[in-house]
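Peer 1: For reference, the structure I am asking about is given below.
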Amino acid sequence: MTDAVLSPPAAGQADRNAAIAARLKRRRAQERRFRWYGRAAILVALSFLAILLGRIGLQGYSTFVDYRITVPVYVDPARVDRADITGANYDQLIAEAVLARLGERDDEFGRTSGKLRELLSNDLGFQVLDIVRADPAKIGQTVSVTGPVGADAGLYFKGQIDRAAPESDRKLDDQQLAWLDRLKADGLISSGFNTSFFTKSDSTEPEQAGVLGAVVGSFLMLIVTAGLAVPIGMLAAVYLEEFAPKNRWTDLIEVNINNLAAVPSIVYGLLGLAVFINWLAVPRSSPLVGGLVLALMSLPTVIIATRAALKAVPPSIREAALAVGASRTQTVFHHVLPLAMPGVMTGAILSLAHALGETAPLLMIGMVSFVPGVPGGFTESATVLPVQIFIWENASERAFHERTAAAILVLLVFMILMNLAAILLRRRFERRW
Amino acid sequence: MSPLDFLFGTTWDPQIAIRADQVAAKGAFGAVPLFAGTFLIMLIAMSVAAPVGLFSAIYLSEYASGWTRAVVKPLLEVLAGVPTVVYGFFAALTVGPLFRGFFNAVGAELVGGPLDGLGLYLMQVQNQMALVAGAVMGIMLIPFVSSLSDDILNAVPQSLRDGSLAMGATRSETVKKVVLPAALPGIMGALLLAVSRAVGETMIVTMAAGLQAKTTLNPLDTVTTVTVQIVTLLTGDQEFDSPKTLSAFGLGLALFAITLALNVVALRIVQKYREQYD
Amino acid sequence: MNLNPHISVDVQHAVLPSRAVKVRARDVNVFYGDKQALFDVSLDMPERSVTALIGPSGCGKSTFLRCINRMNDTIAGARVEGSIELDGEDVNDRSLDPVLLRARVGMVFQKPNPFPKSIYENVAYGPRIHGLATSKSELDAVVEQSLKQAGLWNEVSDRLQQSGSSLSGGQQQRLVIARAIAVRPEVILMDEPCSALDPIATARVEELMDDLRQSFTIVIVTHSMAQAARVSQKTAFFHMGKLVEAGPTDEVFTNPRDTRTQDYITGRFG
């Protein structure tokens, strides 16, 4: 042993400690800096979240308020032909009624009424048409209709059109703004919660566009996805986990399931286009084909979640059931699976929530088309919420942008609800073995 | 059209092939510019996601109190749960105009000065620059990188940390010299999985990147990606066996092959790494 | 030497006559959250000798050991009261950086925990982080001396660049000891260092401890009474978070004062 070197005399010890202490300040500073990097990273991530959600909230919340105008219209028999009710220009009638209220007179080319028509939604005209069509006796009488103001007028009331900007840069000129102010002052225009956003479907007119059709489409599609992915995924997982022999083939399947879970979603869209639409002739744009594609996409995640839940059931449960004479099938379906069910359902809900937000594969199977109504069934043309968001984002009218953000808020609310359901389920049934 | 021309051709201009009797009826389906654009955007995304995600994971697993973890982790999961179409909307209508305004303003300052050329260039920067799509994709990948890395850091045995701390190492020295080297293979695997996600991501690039196929490394330039082109070629009604549709499927196949290869490698690395400490 | 008044009145704290006290613990209480793990432990550990802490599992001996180099700091919710002095300096004093403390008080754990680095890098780790070697040749010398002193040099001198985890369990534990002594600590704490080793490897480590006590103060936690008897000069018996009895090893084993000690060393519980 080389004791002389190795047992330091007390003096050497003090020197060594001093040497270490001398470096301590720098090392502590390094430590603080490193810790600060971590804090900064988390701060950055969380502020991205705040900016993202805050920005969308700010862009979207104004959609939930709308401005409506109530107009009494004299249905002039001279203008509305009993024999051709649909042929009359109701928008013009309404515009003239409003002009009369404002004490303005139309010029001979109809320019003034044309400017006024820009401020009103054509929904008002359709309402008058519906009234007259239902009861032709109304011709010659005064009817009162209430409907949204035009998209740009709405933006003005929401403060998104700057009065101070030069007239030529604005969608609405000074005269139109003055009219709107007077109509508001006269009490013809009122504001309230925008129910039509939830009761109407897509429209080419932003002020009339709503999410109902997309919500119903998403719902139908999720039913298909859940109906296929959950039972198939669950049974596949039960087989792999409880019955399949452990050999090279099952290993290979396991590896591939993990790989499939990471395949880009757009590839599933391509697969759906080739297999379901071109080969099996499932109707394009339908909730059925969308659900099929998303079911394929969700299968791996459902399988992985179910297997994890099954693995968490301790072997003692299986041994106990087998020991009292249950068959393997009985053991699995009477004892193991019920215990694993909360975990399975949690996983299934989470993967459905993910499917609800998925857009890319649906673009491949024709769900980007304009669908103005509420889909009536699984095989009818439909759109879904995320795709509706994509379509509206592409629209050039500024008024669609706030609707896009509002549709995002609706989508996020649905996703949050699903995630909450999953969390509650996990809390409620969480079991520690 | 031969697969070689498809994979290694350097011109992408599918819009020519409209009518069979047109002069340039064949169009140009060389996918190299698409892969280059995908690569550029992926690179930008990873340079946002890797440091932020990794440092978040390090802080969460090595420093954060139980309380901080309990608050921050679910919030990061929210960021992960936001649908990609939402990120796309955010990129196209918020980040794009913001970046463009910034670069245009910087350009306006530079014009007339010694960097006149650069100024003129910056003033013409468009909303659809690669930087916008890349940066937003990076934000999307932060929770993905951080949660995978967090799992991997947690798999490093506590005994190694104790060993290092007991030698008198500070926490950061322990992380840098013991924990990270031990976790390196696993973290590499996690980053590869994130790369695969970035390559296959569709909505953000469809909404925020451009359509011009260019082979460039300039983040301020407009590029297009494989996924954008698949979407562009296949939305709208198409004949199933038109060259456009076929090339879209070709791109899809290439995308599938690339991401599958990345996943296989990444999952194998992560698996090996886990076994090491079991 | 500062003689604490406790010592003269309380035989449990009797020090060996020829040795100065290196580590002195007084009224140490440790809490994990609401649970108290140690109750009023007072113990002197003489320098350049081996002090063994024995007792049934969960008795608090490892907890006490971890107080000496403040490893309890790394456990959330742990709280230490009382005083532990290293050469008369309170280790819990705010002015003493735990980094410096741990450079002076090394530790070896139950399971060998070599870093996933080469053998050389494992031993060089401490000198590197503390900046103790100014040149490559100096570092080489420190690594060689440490491995020699840990009795591992002959087995690994030709494969210093191989991974530390490629060694056998016993070699790994000696590597970890070499790593600890490479920073030239004054005290080495060993937490059941042989519990994961086979008898032959255990014997080598025990021999090593006997060599090491020429240069270092060693405190070892062990569940093996035979080991305590073989390697230590002083033994302290812990039971249910309390120090029951402490004294020269041969006295504690041949003539225990407390019946619980007697029951434990004769194998009636444990």
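In the structure tokens, the first chain shown is A, the next is B, and so on; residue numbers restart at 1 for each chain, and ligands run from 1 in the order shown.
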Give me, as an MDAnalysis selection string, all polymer residues having an atom no more than 10 Å from stretch 121-138 of chain C, counting only C-alpha atoms and skipping those fewer than 5 positions away in the same chain.

Peer 2: (chainID A and resid 16:17 19:24 27) or (chainID B and resid 164 166:170 173:174 177:178) or (chainID C and resid 99:100 103 114:116 143:144 146:147 160:164 175:184)

Peer 1: If we count only C-alpha atoms and set the cut-off at 8 Å, which residues sit around stretch 85-101 of chain B, ignoring sequence neighbours fewer than 4 positions away in its own chain? Please answer as a short mmCIF file (atom, residue, chain, number, x, y, z; two decimals) with N, CA and C atoms, in the first residue's frame.

Peer 2:
```cif
data_model
loop_
_atom_site.label_atom_id
_atom_site.label_comp_id
_atom_site.auth_asym_id
_atom_site.auth_seq_id
_atom_site.Cartn_x
_atom_site.Cartn_y
_atom_site.Cartn_z
N LEU A 52 -51.78 30.69 -27.33
CA LEU A 52 -52.61 29.95 -28.29
C LEU A 52 -54.08 30.02 -27.90
N ILE A 56 -57.10 32.51 -29.49
CA ILE A 56 -58.27 31.94 -30.14
C ILE A 56 -59.53 32.37 -29.41
N GLY A 357 -60.51 15.33 -33.03
CA GLY A 357 -59.76 16.49 -33.49
C GLY A 357 -59.00 16.26 -34.78
N GLU A 358 -59.08 15.05 -35.32
CA GLU A 358 -58.28 14.70 -36.49
C GLU A 358 -58.86 15.30 -37.77
N THR A 359 -58.00 15.85 -38.60
CA THR A 359 -58.47 16.50 -39.82
C THR A 359 -57.89 15.89 -41.09
N PRO A 386 -63.53 19.67 -37.10
CA PRO A 386 -62.19 20.15 -37.48
C PRO A 386 -62.10 20.51 -38.96
N ILE A 389 -63.58 23.83 -39.50
CA ILE A 389 -62.60 24.86 -39.11
C ILE A 389 -61.65 25.12 -40.27
N PHE A 390 -61.18 24.02 -40.87
CA PHE A 390 -60.24 24.15 -42.00
C PHE A 390 -60.90 24.90 -43.16
N GLU A 393 -61.35 28.58 -42.28
CA GLU A 393 -60.06 29.28 -42.21
C GLU A 393 -59.63 29.71 -43.61
N ILE A 408 -63.49 26.51 -33.21
CA ILE A 408 -62.39 25.88 -32.46
C ILE A 408 -62.76 25.80 -30.99
N ALA B 105 -40.76 45.00 -41.08
CA ALA B 105 -40.34 46.20 -40.36
C ALA B 105 -38.81 46.27 -40.28
N VAL B 125 -40.82 39.37 -47.63
CA VAL B 125 -41.11 38.08 -47.02
C VAL B 125 -42.62 37.87 -46.93
N GLN B 126 -43.06 36.65 -47.20
CA GLN B 126 -44.50 36.34 -47.20
C GLN B 126 -44.94 35.67 -45.91
N ASN B 127 -46.27 35.64 -45.72
CA ASN B 127 -46.83 34.92 -44.57
C ASN B 127 -46.42 33.45 -44.55
N GLN B 128 -46.33 32.87 -45.75
CA GLN B 128 -46.14 31.41 -45.83
C GLN B 128 -44.68 31.00 -45.74
N MET B 129 -43.89 31.65 -44.91
CA MET B 129 -42.49 31.22 -44.84
C MET B 129 -42.36 29.94 -44.03
N VAL B 132 -42.61 29.99 -40.13
CA VAL B 132 -43.89 30.03 -39.42
C VAL B 132 -44.40 28.62 -39.15
N ALA B 133 -44.51 27.83 -40.23
CA ALA B 133 -45.00 26.46 -40.07
C ALA B 133 -44.08 25.68 -39.15
N VAL B 136 -44.46 26.81 -35.36
CA VAL B 136 -45.71 26.35 -34.74
C VAL B 136 -45.69 24.83 -34.57
N MET B 137 -45.12 24.13 -35.56
CA MET B 137 -45.00 22.68 -35.41
C MET B 137 -44.11 22.35 -34.22
N MET B 140 -46.09 22.50 -31.18
CA MET B 140 -46.93 21.31 -31.07
C MET B 140 -46.13 20.13 -30.53
N MET B 203 -51.71 19.19 -41.11
CA MET B 203 -52.58 20.36 -41.09
C MET B 203 -51.82 21.67 -40.97
N ILE B 204 -50.83 21.70 -40.08
CA ILE B 204 -50.10 22.96 -39.87
C ILE B 204 -49.48 23.42 -41.18
N VAL B 205 -48.82 22.48 -41.88
CA VAL B 205 -48.16 22.88 -43.12
C VAL B 205 -49.17 23.18 -44.21
N THR B 206 -50.28 22.44 -44.25
CA THR B 206 -51.28 22.72 -45.27
C THR B 206 -51.84 24.13 -45.10
N MET B 207 -52.02 24.55 -43.85
CA MET B 207 -52.63 25.84 -43.61
C MET B 207 -51.61 26.98 -43.58
N ALA B 208 -50.37 26.68 -43.22
CA ALA B 208 -49.42 27.78 -43.01
C ALA B 208 -48.21 27.76 -43.93
#
```

Peer 1: Considering only C-alpha atoms, tabulate each residue of chain A that lies at most 8 Å from chain B along with its nearest interatomic pair and the corresponding distance in Å to one decimal; arrange the rows by chain and ascending residue number and present them as CSV.

Peer 2:
```
residue,atom,partner,partner_atom,distance
A:Arg27,CA,B:Thr170,CA,7.6
A:Arg28,CA,B:Thr170,CA,7.7
A:Gln30,CA,B:Ser172,CA,7.7
A:Glu31,CA,B:Ser172,CA,5.4
A:Phe34,CA,B:Ser172,CA,6.3
A:Arg35,CA,B:Tyr59,CA,7.0
A:Tyr37,CA,B:Phe55,CA,6.7
A:Gly38,CA,B:Phe55,CA,4.8
A:Arg39,CA,B:Tyr59,CA,6.7
A:Ala41,CA,B:Val52,CA,4.8
A:Ile42,CA,B:Ser56,CA,5.1
A:Val44,CA,B:Val52,CA,7.5
A:Ala45,CA,B:Ile142,CA,7.0
A:Leu46,CA,B:Leu76,CA,7.2
A:Phe48,CA,B:Ile139,CA,7.2
A:Leu49,CA,B:Leu79,CA,6.0
A:Leu52,CA,B:Phe90,CA,6.9
A:Ile56,CA,B:Phe90,CA,7.6
A:Asn259,CA,B:Asn263,CA,6.1
A:Ala262,CA,B:Asn263,CA,6.9
A:Val263,CA,B:Thr259,CA,6.5
A:Pro264,CA,B:Gly200,CA,4.8
A:Ser265,CA,B:Gly200,CA,7.5
A:Ile266,CA,B:Thr202,CA,7.0
A:Val267,CA,B:Gly252,CA,6.1
A:Leu270,CA,B:Phe249,CA,7.1
A:Asn278,CA,B:Phe240,CA,7.8
A:His354,CA,B:Gly81,CA,7.2
A:Gly357,CA,B:Pro83,CA,4.9
A:Glu358,CA,B:Pro83,CA,6.6
A:Thr359,CA,B:Val85,CA,6.6
A:Ala360,CA,B:Met203,CA,6.1
A:Leu363,CA,B:Thr235,CA,6.5
A:Met364,CA,B:Leu234,CA,6.1
A:Gly366,CA,B:Thr235,CA,6.7
A:Val368,CA,B:Thr235,CA,7.5
A:Pro386,CA,B:Val85,CA,6.5
A:Ile389,CA,B:Val85,CA,7.4
A:Phe390,CA,B:Val85,CA,6.7
A:Glu393,CA,B:Phe89,CA,6.7
A:Ile408,CA,B:Val86,CA,6.7
A:Leu412,CA,B:Val82,CA,7.5
```

Peer 1: Considering only C-alpha atoms, can you say which of B:Val226, B:Leu191, B:Leu184, B:Leu165 comes closest to chain C?

Peer 2: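 Answer, going by the shortest atom-to-atom distance: B:Leu165.
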
Peer 1: From a DSSP calculation on the backbone, collect every residue of stretch 110-283 of chain A in helix (DSSP H, G or I) and output the set as a PyMOL selection string.

Peer 2: chain A and resi 111-117+123-134+136-138+151-157+167-169+174-185+196-199+206-208+212-243+248-260+265-279

Peer 1: C:Leu212, C:Val156, C:Val21, C:Leu139: which is nearest chain A, counting only C-alpha atoms?

Peer 2: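 Smallest separation from chain A among the options: C:Leu212.
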
Peer 1: Quick one: DSSP strand (DSSP E) residues in stretch 119-213 of chain C, as an MDAnalysis selection string?

Peer 2: chainID C and resid 187:191

Peer 1: Using only N, CA and C atoms, please write the residues we just selected to a file, as a PDB file, in the first residue's frame.

Peer 2:
```
ATOM      1  N   VAL C 187     -14.050  11.035   5.635  1.00  0.00           N
ATOM      2  CA  VAL C 187     -14.924   9.992   6.168  1.00  0.00           C
ATOM      3  C   VAL C 187     -15.533   9.246   4.982  1.00  0.00           C
ATOM      4  N   ILE C 188     -15.662   7.924   5.105  1.00  0.00           N
ATOM      5  CA  ILE C 188     -16.393   7.171   4.079  1.00  0.00           C
ATOM      6  C   ILE C 188     -17.576   6.475   4.751  1.00  0.00           C
ATOM      7  N   LEU C 189     -18.775   6.733   4.229  1.00  0.00           N
ATOM      8  CA  LEU C 189     -19.970   6.074   4.738  1.00  0.00           C
ATOM      9  C   LEU C 189     -20.274   4.893   3.833  1.00  0.00           C
ATOM     10  N   MET C 190     -20.577   3.743   4.438  1.00  0.00           N
ATOM     11  CA  MET C 190     -20.898   2.572   3.625  1.00  0.00           C
ATOM     12  C   MET C 190     -22.239   2.026   4.080  1.00  0.00           C
ATOM     13  N   ASP C 191     -23.200   1.985   3.124  1.00  0.00           N
ATOM     14  CA  ASP C 191     -24.549   1.543   3.456  1.00  0.00           C
ATOM     15  C   ASP C 191     -24.728   0.104   2.981  1.00  0.00           C
TER      16      ASP C 191
END
```

Peer 1: Which one is closest to chain A: C:Leu65, C:Leu208, C:Val231, C:Met240? Count only C-alpha atoms.

Peer 2: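 Nearest candidate to chain A out of C:Leu65, C:Leu208, C:Val231, C:Met240: C:Leu208.
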
Peer 1: Find the residues around A:Leu273 up to 9 Å (only C-alpha atoms counted), leave out those fewer than 4 positions away in its own chain, and share them as a count of residues only.

Peer 2: 11

Peer 1: Please list as number ranges by chain every residue within 10 Å of stretch 42-49 of chain C, counting only C-alpha atoms and excluding residues in the same chain fewer than 5 positions away.

Peer 2: C: 6-7, 12-29, 82-87, 186-187, 209-210, 212-219, 231-236, 242-243, 245-247

Peer 1: Stretch 263-269 of chain C: which residues within 8 Å, counting only C-alpha atoms, same-chain residues fewer than 5 positions away excluded, as a list in words?

Peer 2: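 The residues satisfying every condition are Gly55, Pro56, Met225 and Phe253 of chain C.
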
Peer 1: Using Å and a single decimal, report how far atom CA of C:Asn113 sits from atom CA of B:Ser159.

Peer 2: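 Atom-to-atom, atom CA of B:Ser159 to atom CA of C:Asn113, that is 6.1 Å.
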
Peer 1: Go ahead and compute the interatomic distance for atom CA of A:Pro77 and atom CA of A:Gly140, in Å to one decimal.

Peer 2: 5.3 Å

Peer 1: Env of stretch 212-224 of chain B: 10 Å cut, atoms = only C-alpha atoms, seq-sep filter 5 positions within chain, self excluded. Answer as JSON, numbers by chain.

Peer 2: {"B": [10, 11, 12, 13, 30, 31, 32, 33, 34, 35, 36, 37, 38, 39, 40, 41, 43, 44, 99, 100, 103, 121, 122, 124, 125, 126, 127, 128, 129, 130, 131, 132, 133, 134, 205, 206, 229]}

Peer 1: Rounded to one decimal place, report the atom CA of A:Ser396-atom CA of A:Gly54 distance in Å.

Peer 2: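 Calculated distance between atom CA of A:Ser396 and atom CA of A:Gly54 is 22.9 Å.
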
Peer 1: When you count only C-alpha atoms, which of these residues is closest to chain A: C:Thr254, C:Gln171, C:Gln149, C:Asn92?

Peer 2: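 Under the stated criterion, the closest residue is C:Gln149.
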